[in-house]
>>> print(open('structure19.cif').read())   # mmCIF, C-alpha atoms
data_my_file
loop_
_atom_site.label_atom_id
_atom_site.label_comp_id
_atom_site.auth_asym_id
_atom_site.auth_seq_id
_atom_site.Cartn_x
_atom_site.Cartn_y
_atom_site.Cartn_z
CA MET A 1 82.49 74.30 162.91
CA LYS A 2 83.34 75.31 166.47
CA ASN A 3 82.28 73.37 169.53
CA ARG A 4 82.63 73.33 173.27
CA SER A 5 81.02 71.48 176.14
CA SER A 6 79.76 72.95 179.38
CA ASN A 7 78.36 71.72 182.66
CA THR A 8 77.24 75.14 183.84
CA LEU A 9 74.18 76.02 181.74
CA LYS A 10 71.64 75.04 184.41
CA PRO A 11 69.01 77.52 183.16
CA PHE A 12 68.81 75.30 180.06
CA HIS A 13 69.31 71.84 181.51
CA THR A 14 70.64 70.04 184.57
CA MET A 15 72.54 67.52 182.42
CA PRO A 16 75.91 68.35 180.80
CA VAL A 17 75.32 70.58 177.79
CA HIS A 18 77.16 70.35 174.48
CA GLN A 19 77.40 73.69 172.67
CA PHE A 20 78.65 74.41 169.16
CA LYS A 21 77.98 76.50 166.09
CA VAL A 22 77.87 75.71 162.37
CA PRO A 23 78.56 78.42 159.75
CA ALA A 24 76.39 79.49 156.87
CA THR A 25 77.69 78.58 153.43
CA SER A 26 77.46 79.98 149.93
CA ALA A 27 77.64 77.20 147.36
CA ASN A 28 78.52 76.98 143.66
CA LEU A 29 80.46 80.28 143.27
CA GLY A 30 79.37 80.46 139.66
CA PRO A 31 80.89 77.60 137.65
CA GLY A 32 81.72 75.50 140.72
CA PHE A 33 78.26 73.94 140.51
CA ASP A 34 77.67 71.38 143.30
CA SER A 35 81.42 71.27 144.02
CA MET A 36 82.55 74.61 145.51
CA GLY A 37 81.44 76.52 148.58
CA LEU A 38 82.48 79.23 150.98
CA ALA A 39 81.93 79.32 154.76
CA LEU A 40 80.47 82.57 156.08
CA SER A 41 80.38 84.01 159.58
CA LYS A 42 76.66 83.64 160.17
CA PHE A 43 75.85 80.70 162.39
CA LEU A 44 73.43 78.04 163.52
CA HIS A 45 73.90 77.79 167.32
CA ILE A 46 73.13 74.53 169.09
CA GLU A 47 72.97 73.59 172.76
CA ALA A 48 71.99 70.01 173.57
CA ALA A 49 71.69 67.75 176.57
CA GLU A 50 70.40 64.23 177.14
CA SER A 51 66.73 64.12 178.02
CA SER A 52 63.78 61.75 178.50
CA ARG A 53 62.35 62.69 175.09
CA TRP A 54 63.25 64.51 171.90
CA LYS A 55 62.50 68.22 172.07
CA VAL A 56 63.68 71.30 170.17
CA VAL A 57 63.38 74.79 171.67
CA PHE A 58 63.65 77.59 169.11
CA GLU A 59 65.19 80.90 170.13
CA LYS A 60 63.94 82.87 167.11
CA GLU A 61 60.40 83.12 165.79
CA PHE A 62 61.31 82.41 162.15
CA LEU A 63 62.61 78.97 163.20
CA GLU A 64 59.22 77.94 164.59
CA VAL A 65 58.11 76.72 161.14
CA LEU A 66 60.49 73.79 161.70
CA PRO A 67 59.47 70.58 163.50
CA ALA A 68 60.20 70.53 167.24
CA ASP A 69 60.38 66.71 167.46
CA GLU A 70 62.00 63.75 165.70
CA LYS A 71 60.95 65.15 162.31
CA ASN A 72 63.46 67.99 162.68
CA LEU A 73 66.34 67.62 160.19
CA VAL A 74 68.94 67.98 162.94
CA ILE A 75 67.43 65.08 164.89
CA ARG A 76 66.81 62.91 161.81
CA THR A 77 70.44 63.36 160.79
CA ALA A 78 71.72 62.58 164.29
CA ILE A 79 69.72 59.35 164.40
CA TRP A 80 70.84 58.39 160.87
CA THR A 81 74.50 59.04 161.71
CA ALA A 82 74.37 57.01 164.92
CA GLU A 83 72.73 54.11 163.08
CA LYS A 84 75.34 54.31 160.32
CA TYR A 85 77.99 53.56 162.96
CA SER A 86 75.84 50.93 164.74
CA LYS A 87 75.09 53.15 167.73
CA VAL A 88 71.85 54.20 169.41
CA MET A 89 71.32 57.95 169.54
CA PRO A 90 70.16 59.10 173.00
CA GLU A 91 67.17 61.41 173.11
CA LEU A 92 68.09 65.07 173.51
CA GLU A 93 66.64 68.41 174.38
CA ILE A 94 68.04 70.90 171.89
CA ARG A 95 68.09 74.67 172.02
CA MET A 96 68.45 76.11 168.52
CA ASP A 97 69.26 79.67 167.51
CA SER A 98 70.26 80.82 164.03
CA GLU A 99 71.48 83.79 162.05
CA ILE A 100 70.98 81.87 158.78
CA PRO A 101 67.73 82.60 156.89
CA LEU A 102 65.77 79.55 155.79
CA THR A 103 65.51 78.62 152.08
CA HIS A 104 67.57 81.61 150.93
CA GLY A 105 70.59 79.83 149.47
CA LEU A 106 72.85 80.24 152.50
CA GLY A 107 73.12 76.61 153.57
CA SER A 108 70.45 76.43 156.28
CA SER A 109 69.73 72.77 155.48
CA ALA A 110 73.42 71.89 155.32
CA SER A 111 74.02 73.55 158.69
CA ALA A 112 71.24 71.41 160.17
CA ILE A 113 72.75 68.26 158.68
CA ILE A 114 76.19 69.06 160.05
CA ALA A 115 74.65 69.86 163.44
CA GLY A 116 73.03 66.43 163.49
CA ILE A 117 76.31 64.73 162.58
CA GLU A 118 78.09 66.65 165.33
CA LEU A 119 75.46 65.64 167.91
CA ALA A 120 75.81 61.97 166.98
CA ASP A 121 79.59 62.23 167.06
CA HIS A 122 79.56 63.80 170.52
CA PHE A 123 76.82 61.87 172.30
CA CYS A 124 77.70 58.49 170.75
CA SER A 125 81.48 59.02 171.06
CA LEU A 126 82.03 58.20 167.39
CA GLY A 127 85.40 59.94 167.08
CA LEU A 128 84.67 61.19 163.57
CA SER A 129 87.30 63.13 161.65
CA ASP A 130 86.43 66.17 159.55
CA PHE A 131 86.68 63.93 156.49
CA ASP A 132 84.21 61.48 158.02
CA LYS A 133 81.76 64.30 158.75
CA VAL A 134 81.98 65.73 155.23
CA LEU A 135 81.51 62.22 153.84
CA CYS A 136 78.38 61.68 155.96
CA GLY A 137 76.98 65.04 154.92
CA SER A 138 77.73 64.38 151.25
CA GLU A 139 76.00 61.02 151.43
CA LEU A 140 72.87 62.76 152.70
CA GLU A 141 73.02 65.81 150.42
CA GLY A 142 74.38 64.08 147.33
CA HIS A 143 77.11 66.69 146.87
CA PRO A 144 79.64 68.37 149.20
CA ASP A 145 79.47 72.05 148.21
CA ASN A 146 77.52 73.16 151.31
CA VAL A 147 78.30 70.52 153.94
CA GLY A 148 82.02 70.67 153.11
CA PRO A 149 82.76 74.30 154.01
CA ALA A 150 80.40 74.03 156.99
CA ILE A 151 82.97 71.60 158.43
CA THR A 152 86.28 72.86 157.06
CA GLY A 153 85.62 76.58 156.93
CA GLY A 154 87.13 78.75 154.21
CA LEU A 155 86.88 77.99 150.50
CA PHE A 156 86.05 74.35 149.79
CA VAL A 157 86.40 72.41 146.53
CA GLY A 158 85.19 68.83 146.46
CA PHE A 159 83.73 65.90 144.54
CA TYR A 160 81.50 63.12 145.84
CA GLY A 161 80.44 60.19 143.69
CA ALA A 162 79.89 56.44 144.03
CA GLY A 163 80.55 56.73 147.75
CA ARG A 164 83.98 58.32 147.27
CA LEU A 165 84.88 61.82 148.48
CA TYR A 166 87.76 64.05 147.41
CA TYR A 167 88.27 67.61 148.58
CA HIS A 168 90.72 70.41 149.28
CA THR A 169 90.47 73.86 150.79
CA LEU A 170 91.97 77.10 149.53
CA ALA A 171 92.97 80.39 151.14
CA PHE A 172 90.99 83.49 150.19
CA SER A 173 93.25 86.21 151.58
CA GLY A 174 92.16 89.83 151.28
CA VAL A 175 88.73 89.02 149.84
CA ALA A 176 85.51 90.19 151.46
CA ALA A 177 82.03 88.75 151.03
CA ILE A 178 78.78 90.69 150.79
CA VAL A 179 75.45 88.89 150.98
CA SER A 180 72.30 90.41 149.47
CA VAL A 181 69.18 88.68 150.81
CA PRO A 182 65.82 89.36 149.08
CA PRO A 183 62.62 89.26 151.15
CA TYR A 184 61.25 86.14 149.42
CA GLU A 185 62.24 82.49 149.31
CA ILE A 186 63.10 80.08 146.52
CA ASP A 187 62.57 76.42 147.25
CA THR A 188 65.60 74.31 146.33
CA ASN A 189 63.40 71.91 144.37
CA GLU A 190 62.02 74.84 142.35
CA ALA A 191 65.55 76.05 141.63
CA ARG A 192 66.60 72.55 140.56
CA ALA A 193 63.55 72.25 138.31
CA ALA A 194 64.65 75.38 136.44
CA LEU A 195 67.76 73.58 135.16
CA PRO A 196 67.83 71.69 131.85
CA GLU A 197 67.98 67.90 131.75
CA ALA A 198 71.07 67.99 129.51
CA TYR A 199 73.75 70.40 128.31
CA ARG A 200 75.45 70.85 124.95
CA LYS A 201 78.88 69.29 124.63
CA SER A 202 80.40 72.68 123.77
CA ASP A 203 78.98 74.18 126.98
CA ALA A 204 80.36 71.29 129.02
CA VAL A 205 83.82 71.81 127.51
CA ASP A 206 83.70 75.55 128.15
CA GLN A 207 82.43 75.11 131.71
CA ASN A 208 85.26 72.72 132.48
CA ALA A 209 87.86 75.20 131.20
CA ILE A 210 86.25 78.15 132.98
CA ASN A 211 86.25 76.39 136.33
CA ASN A 212 89.81 75.10 135.93
CA VAL A 213 91.22 78.54 135.20
CA MET A 214 89.08 80.14 137.91
CA LEU A 215 90.60 77.81 140.50
CA LEU A 216 94.12 78.61 139.30
CA SER A 217 93.27 82.31 139.47
CA ILE A 218 92.24 81.91 143.12
CA MET A 219 95.41 79.98 143.91
CA ASN A 220 97.50 82.73 142.32
CA ARG A 221 95.45 85.51 143.99
CA ASP A 222 94.44 86.89 140.60
CA TYR A 223 91.02 87.83 141.93
CA ARG A 224 90.06 90.06 139.03
CA SER A 225 90.35 87.14 136.59
CA MET A 226 88.65 84.91 139.16
CA GLY A 227 85.67 87.24 139.23
CA GLU A 228 85.34 87.49 135.45
CA LEU A 229 85.38 83.71 135.14
CA MET A 230 83.05 83.24 138.10
CA MET A 231 80.38 85.18 136.23
CA ARG A 232 80.64 83.01 133.09
CA ASP A 233 78.79 79.99 134.47
CA LEU A 234 76.80 78.04 131.89
CA TYR A 235 75.13 75.38 134.04
CA HIS A 236 72.79 77.10 136.49
CA GLU A 237 72.98 80.90 136.66
CA PRO A 238 71.38 81.56 133.23
CA TYR A 239 68.41 79.39 134.22
CA ARG A 240 67.97 80.60 137.81
CA LYS A 241 68.54 84.28 137.10
CA PRO A 242 64.87 84.87 136.10
CA LEU A 243 63.79 83.70 139.57
CA ILE A 244 65.67 86.60 141.22
CA GLN A 245 64.24 89.97 140.24
CA GLU A 246 67.11 91.97 141.80
CA TYR A 247 69.85 89.95 140.08
CA ASP A 248 70.79 92.41 137.32
CA GLU A 249 70.57 95.55 139.46
CA ILE A 250 72.68 94.16 142.30
CA ARG A 251 75.34 92.82 139.93
CA CYS A 252 75.46 96.09 137.97
CA ILE A 253 75.89 98.24 141.09
CA ALA A 254 78.47 95.93 142.67
CA LEU A 255 80.62 95.74 139.55
CA SER A 256 80.42 99.49 138.97
CA GLU A 257 81.84 99.92 142.48
CA GLY A 258 84.79 97.62 141.76
CA ALA A 259 83.57 94.23 142.99
CA TYR A 260 85.22 91.13 141.57
CA ALA A 261 81.97 89.23 141.01
CA THR A 262 78.32 88.87 141.98
CA VAL A 263 76.82 85.37 141.72
CA ILE A 264 73.83 83.44 143.00
CA SER A 265 74.41 81.98 146.45
CA GLY A 266 73.45 78.33 146.34
CA ALA A 267 70.02 77.94 144.78
CA GLY A 268 69.16 81.57 145.58
CA PRO A 269 67.55 83.98 145.98
CA SER A 270 70.49 85.42 147.95
CA LEU A 271 73.37 86.86 145.95
CA LEU A 272 77.05 86.72 146.90
CA THR A 273 79.37 89.56 145.99
CA LEU A 274 83.14 89.13 146.35
CA CYS A 275 85.41 92.16 146.46
CA ASP A 276 88.63 93.56 147.82
CA ALA A 277 88.25 93.93 151.58
CA ALA A 278 89.06 97.63 151.33
CA ASP A 279 86.06 98.20 149.04
CA ALA A 280 83.43 96.26 150.96
CA ASP A 281 81.88 99.05 153.03
CA ARG A 282 81.55 101.33 150.01
CA ILE A 283 79.89 98.57 147.97
CA VAL A 284 77.45 97.74 150.77
CA GLU A 285 76.48 101.40 150.94
CA ALA A 286 75.94 101.56 147.17
CA LEU A 287 73.82 98.40 147.25
CA GLY A 288 71.48 100.17 149.63
CA LYS A 289 69.85 101.62 146.49
CA VAL A 290 68.28 98.19 145.93
CA SER A 291 65.30 98.39 148.25
CA GLY A 292 63.73 95.42 149.97
CA CYS A 293 66.99 93.46 150.24
CA LEU A 294 69.26 93.11 153.23
CA HIS A 295 72.84 93.87 152.15
CA GLU A 296 75.49 92.81 154.64
CA LYS A 297 79.24 92.41 154.72
CA VAL A 298 79.94 88.94 156.12
CA ASP A 299 83.37 87.69 157.11
CA ILE A 300 84.65 84.52 155.48
CA PHE A 301 84.73 81.93 158.27
CA GLU A 302 87.98 80.06 158.78
CA SER A 303 87.56 77.02 161.01
#
>>> encode(input="structure19.cif", output="structure tokens")
Amino acid sequence: MKNRSSNTLKPFHTMPVHQFKVPATSANLGPGFDSMGLALSKFLHIEAAESSRWKVVFEKEFLEVLPADEKNLVIRTAIWTAEKYSKVMPELEIRMDSEIPLTHGLGSSASAIIAGIELADHFCSLGLSDFDKVLCGSELEGHPDNVGPAITGGLFVGFYGAGRLYYHTLAFSGVAAIVSVPPYEIDTNEARAALPEAYRKSDAVDQNAINNVMLLSIMNRDYRSMGELMMRDLYHEPYRKPLIQEYDEIRCIALSEGAYATVISGAGPSLLTLCDAADADRIVEALGKVSGCLHEKVDIFES
């Protein structure tokens, strides 16, 4: 997350304006279910200033489906965060712009949550650390795989449970990300409902081993092994795959062009392809055969 303050944006507001941006995120990365995520260089942009009432001004038409008052997730999170630290959140006028599509598995809700935490931190002078912010976001989301990388940038690996948070970040040198965004949405609750209530013990054992070795492959820059393991998830991809009609075609094309892996981004329907940076443009061009989807090379965002 990047932020800056300004006193010069008078066309927006006569009060001092706080400006910052929060990156999109791609969660799970195959077997890293609810624990791994990657920050991407598509952003939610926020400008905010104290005001006599809560108000959100949307800069893009697709955002206008969101509430423009206290029901907005950004505002609800800001108020919750201030109350958590025994502060009173001042009312704000917020200008919101975004490059992150809603309900497409690219962390739009997590970016809103982190924006709310940042607003509370700034306007209530909370002095929160990155750890504090990830902890707040995890408390609200229930897991850190999206809120974590939205704060730290890069590749995030974390666990949140019983109020305790543990996380680390990893370098992803030389790897490029390609996002394929279908023209339809999948509600997160629908994607969660597709998952089984329980898993076989043998699958749990295998999933644990797959994820452990995948992480070591990343640390050792063995990205070919990383990709093979990333596509062996047993917990969510087999159950969510039927919800994404382009899944097989996009994965087949990407792998035939040398990609390391193609996996579901978050709860979908977007797909994330990871590849050698030198191959990214060629793979994007090949993916153009899949009509109806937006295929885009997106830089991995390092905070």
>>> residues_near_point(input="structure19.cif", point="(66.0, 76.4, 164.5)", cutoff="9 Å", atoms="all atoms listed in the file", output="MDAnalysis selection string")
chainID A and resid 44:46 56:68 72 95:98 112
>>> write_last_selection(input="structure19.cif", atoms="C-alpha atoms", output="PDB file, in the frame of the given file")
ATOM      1  CA  LEU A  44      73.430  78.040 163.520  1.00  0.00           C
ATOM      2  CA  HIS A  45      73.900  77.790 167.320  1.00  0.00           C
ATOM      3  CA  ILE A  46      73.130  74.530 169.090  1.00  0.00           C
ATOM      4  CA  VAL A  56      63.680  71.300 170.170  1.00  0.00           C
ATOM      5  CA  VAL A  57      63.380  74.790 171.670  1.00  0.00           C
ATOM      6  CA  PHE A  58      63.650  77.590 169.110  1.00  0.00           C
ATOM      7  CA  GLU A  59      65.190  80.900 170.130  1.00  0.00           C
ATOM      8  CA  LYS A  60      63.940  82.870 167.110  1.00  0.00           C
ATOM      9  CA  GLU A  61      60.400  83.120 165.790  1.00  0.00           C
ATOM     10  CA  PHE A  62      61.310  82.410 162.150  1.00  0.00           C
ATOM     11  CA  LEU A  63      62.610  78.970 163.200  1.00  0.00           C
ATOM     12  CA  GLU A  64      59.220  77.940 164.590  1.00  0.00           C
ATOM     13  CA  VAL A  65      58.110  76.720 161.140  1.00  0.00           C
ATOM     14  CA  LEU A  66      60.490  73.790 161.700  1.00  0.00           C
ATOM     15  CA  PRO A  67      59.470  70.580 163.500  1.00  0.00           C
ATOM     16  CA  ALA A  68      60.200  70.530 167.240  1.00  0.00           C
ATOM     17  CA  ASN A  72      63.460  67.990 162.680  1.00  0.00           C
ATOM     18  CA  ARG A  95      68.090  74.670 172.020  1.00  0.00           C
ATOM     19  CA  MET A  96      68.450  76.110 168.520  1.00  0.00           C
ATOM     20  CA  ASP A  97      69.260  79.670 167.510  1.00  0.00           C
ATOM     21  CA  SER A  98      70.260  80.820 164.030  1.00  0.00           C
ATOM     22  CA  ALA A 112      71.240  71.410 160.170  1.00  0.00           C
TER      23      ALA A 112
END
>>> resolve_selection(input="structure19.cif", expression="the PyMOL selection byres ((chain A and resi 280-287) around 7)", output="MDAnalysis selection string")
chainID A and resid 176 250 253:254 257 275:279 288:290 295:297
>>> residues_around(input="structure19.cif", residues="A:Pro196", least_positions_apart="3", cutoff="9 Å", atoms="only C-alpha atoms", output="list in words")
Arg192, Ala193, Tyr199, Tyr235, His236 and Tyr239 of chain A
>>> resolve_selection(input="structure19.cif", expression="the PyMOL selection byres ((chain A and resi 262) around 7)", output="JSON, numbers by chain")
{"A": [251, 261, 263, 271, 272, 273, 274]}
>>> closest_atom_pairs(input="structure19.cif", of="stretch 139-179 of chain A", to="stretch 76-93 of chain A", cutoff="12 Å", atoms="only C-alpha atoms", output="tab-separated table")
residue	atom	partner	partner_atom	distance
A:Glu139	CA	A:Thr81	CA	10.6
A:Leu140	CA	A:Thr77	CA	8.5
A:Glu141	CA	A:Thr77	CA	11.0
>>> closest_residue(input="structure19.cif", among="A:Ser51, A:Ser111, A:Ser180, A:Ser202", to="A:Val298", atoms="only C-alpha atoms")
A:Ser180
>>> resolve_selection(input="structure19.cif", expression="the PyMOL selection byres ((chain A and resi 103-108) around 9)", output="number ranges by chain")
A: 23-27, 40, 44, 98, 100-102, 109-113, 146-147, 150, 181-182, 184-188, 264-271
>>> closest_residue(input="structure19.cif", among="A:Lys133, A:Arg224, A:Lys201, A:Lys42", to="A:Ile114", atoms="all atoms listed in the file")
A:Lys133
>>> decode(input="structure19.cif", residues="stretch 203-231 of chain A", atoms="N, CA, C and O atoms", output="mmCIF file, in the first residue's frame")
data_model
loop_
_atom_site.group_PDB
_atom_site.id
_atom_site.type_symbol
_atom_site.label_atom_id
_atom_site.label_comp_id
_atom_site.auth_asym_id
_atom_site.auth_seq_id
_atom_site.Cartn_x
_atom_site.Cartn_y
_atom_site.Cartn_z
ATOM 1 N N ASP A 203 -6.147 -36.850 1.401
ATOM 2 C CA ASP A 203 -6.047 -35.593 0.662
ATOM 3 C C ASP A 203 -5.406 -34.502 1.519
ATOM 4 O O ASP A 203 -4.618 -33.689 1.014
ATOM 5 N N ALA A 204 -5.738 -34.482 2.803
ATOM 6 C CA ALA A 204 -5.145 -33.497 3.702
ATOM 7 C C ALA A 204 -3.633 -33.693 3.809
ATOM 8 O O ALA A 204 -2.861 -32.731 3.804
ATOM 9 N N VAL A 205 -3.206 -34.945 3.900
ATOM 10 C CA VAL A 205 -1.770 -35.251 3.974
ATOM 11 C C VAL A 205 -1.075 -34.820 2.691
ATOM 12 O O VAL A 205 -0.014 -34.180 2.715
ATOM 13 N N ASP A 206 -1.669 -35.155 1.549
ATOM 14 C CA ASP A 206 -1.066 -34.789 0.265
ATOM 15 C C ASP A 206 -1.019 -33.268 0.090
ATOM 16 O O ASP A 206 -0.008 -32.720 -0.379
ATOM 17 N N GLN A 207 -2.103 -32.601 0.464
ATOM 18 C CA GLN A 207 -2.141 -31.142 0.311
ATOM 19 C C GLN A 207 -1.053 -30.483 1.144
ATOM 20 O O GLN A 207 -0.395 -29.540 0.702
ATOM 21 N N ASN A 208 -0.862 -30.971 2.340
ATOM 22 C CA ASN A 208 0.180 -30.430 3.205
ATOM 23 C C ASN A 208 1.555 -30.588 2.566
ATOM 24 O O ASN A 208 2.361 -29.643 2.536
ATOM 25 N N ALA A 209 1.843 -31.759 2.017
ATOM 26 C CA ALA A 209 3.137 -31.997 1.379
ATOM 27 C C ALA A 209 3.308 -31.138 0.128
ATOM 28 O O ALA A 209 4.379 -30.567 -0.113
ATOM 29 N N ILE A 210 2.249 -31.057 -0.674
ATOM 30 C CA ILE A 210 2.306 -30.261 -1.910
ATOM 31 C C ILE A 210 2.646 -28.810 -1.597
ATOM 32 O O ILE A 210 3.524 -28.204 -2.219
ATOM 33 N N ASN A 211 1.958 -28.247 -0.619
ATOM 34 C CA ASN A 211 2.185 -26.841 -0.307
ATOM 35 C C ASN A 211 3.564 -26.610 0.293
ATOM 36 O O ASN A 211 4.225 -25.613 -0.011
ATOM 37 N N ASN A 212 4.021 -27.534 1.132
ATOM 38 C CA ASN A 212 5.358 -27.394 1.718
ATOM 39 C C ASN A 212 6.439 -27.369 0.642
ATOM 40 O O ASN A 212 7.329 -26.508 0.641
ATOM 41 N N VAL A 213 6.356 -28.305 -0.288
ATOM 42 C CA VAL A 213 7.388 -28.390 -1.327
ATOM 43 C C VAL A 213 7.248 -27.223 -2.313
ATOM 44 O O VAL A 213 8.246 -26.713 -2.824
ATOM 45 N N MET A 214 6.019 -26.776 -2.559
ATOM 46 C CA MET A 214 5.837 -25.626 -3.435
ATOM 47 C C MET A 214 6.524 -24.381 -2.859
ATOM 48 O O MET A 214 7.195 -23.630 -3.572
ATOM 49 N N LEU A 215 6.373 -24.169 -1.562
ATOM 50 C CA LEU A 215 7.024 -23.028 -0.932
ATOM 51 C C LEU A 215 8.542 -23.121 -1.024
ATOM 52 O O LEU A 215 9.221 -22.132 -1.320
ATOM 53 N N LEU A 216 9.079 -24.301 -0.799
ATOM 54 C CA LEU A 216 10.529 -24.480 -0.928
ATOM 55 C C LEU A 216 10.981 -24.276 -2.369
ATOM 56 O O LEU A 216 12.076 -23.746 -2.626
ATOM 57 N N SER A 217 10.151 -24.673 -3.325
ATOM 58 C CA SER A 217 10.478 -24.450 -4.733
ATOM 59 C C SER A 217 10.554 -22.958 -5.048
ATOM 60 O O SER A 217 11.442 -22.503 -5.774
ATOM 61 N N ILE A 218 9.629 -22.178 -4.487
ATOM 62 C CA ILE A 218 9.658 -20.725 -4.681
ATOM 63 C C ILE A 218 10.923 -20.143 -4.064
ATOM 64 O O ILE A 218 11.622 -19.330 -4.683
ATOM 65 N N MET A 219 11.238 -20.563 -2.855
ATOM 66 C CA MET A 219 12.410 -20.038 -2.162
ATOM 67 C C MET A 219 13.700 -20.356 -2.910
ATOM 68 O O MET A 219 14.662 -19.583 -2.875
ATOM 69 N N ASN A 220 13.716 -21.486 -3.608
ATOM 70 C CA ASN A 220 14.901 -21.893 -4.357
ATOM 71 C C ASN A 220 14.827 -21.510 -5.841
ATOM 72 O O ASN A 220 15.668 -21.944 -6.635
ATOM 73 N N ARG A 221 13.801 -20.731 -6.195
ATOM 74 C CA ARG A 221 13.597 -20.238 -7.562
ATOM 75 C C ARG A 221 13.479 -21.378 -8.566
ATOM 76 O O ARG A 221 13.856 -21.246 -9.722
ATOM 77 N N ASP A 222 12.950 -22.495 -8.115
ATOM 78 C CA ASP A 222 12.649 -23.620 -9.001
ATOM 79 C C ASP A 222 11.191 -23.459 -9.440
ATOM 80 O O ASP A 222 10.287 -24.151 -8.971
ATOM 81 N N TYR A 223 10.968 -22.511 -10.352
ATOM 82 C CA TYR A 223 9.601 -22.128 -10.682
ATOM 83 C C TYR A 223 8.870 -23.167 -11.523
ATOM 84 O O TYR A 223 7.636 -23.205 -11.517
ATOM 85 N N ARG A 224 9.595 -24.011 -12.205
ATOM 86 C CA ARG A 224 8.926 -25.069 -12.962
ATOM 87 C C ARG A 224 8.279 -26.069 -12.000
ATOM 88 O O ARG A 224 7.113 -26.450 -12.177
ATOM 89 N N SER A 225 9.016 -26.483 -10.974
ATOM 90 C CA SER A 225 8.420 -27.375 -9.963
ATOM 91 C C SER A 225 7.309 -26.666 -9.209
ATOM 92 O O SER A 225 6.264 -27.267 -8.909
ATOM 93 N N MET A 226 7.532 -25.385 -8.893
ATOM 94 C CA MET A 226 6.488 -24.594 -8.231
ATOM 95 C C MET A 226 5.178 -24.677 -8.998
ATOM 96 O O MET A 226 4.113 -24.924 -8.435
ATOM 97 N N GLY A 227 5.264 -24.457 -10.320
ATOM 98 C CA GLY A 227 4.066 -24.455 -11.138
ATOM 99 C C GLY A 227 3.360 -25.800 -11.173
ATOM 100 O O GLY A 227 2.126 -25.880 -11.079
ATOM 101 N N GLU A 228 4.127 -26.866 -11.281
ATOM 102 C CA GLU A 228 3.526 -28.207 -11.310
ATOM 103 C C GLU A 228 2.785 -28.504 -10.010
ATOM 104 O O GLU A 228 1.671 -29.055 -10.012
ATOM 105 N N LEU A 229 3.391 -28.110 -8.896
ATOM 106 C CA LEU A 229 2.758 -28.339 -7.599
ATOM 107 C C LEU A 229 1.562 -27.407 -7.387
ATOM 108 O O LEU A 229 0.549 -27.799 -6.805
ATOM 109 N N MET A 230 1.672 -26.191 -7.876
ATOM 110 C CA MET A 230 0.599 -25.211 -7.737
ATOM 111 C C MET A 230 -0.692 -25.710 -8.372
ATOM 112 O O MET A 230 -1.795 -25.393 -7.916
ATOM 113 N N MET A 231 -0.561 -26.511 -9.413
ATOM 114 C CA MET A 231 -1.736 -27.009 -10.130
ATOM 115 C C MET A 231 -2.228 -28.358 -9.602
ATOM 116 O O MET A 231 -3.054 -29.009 -10.226
#
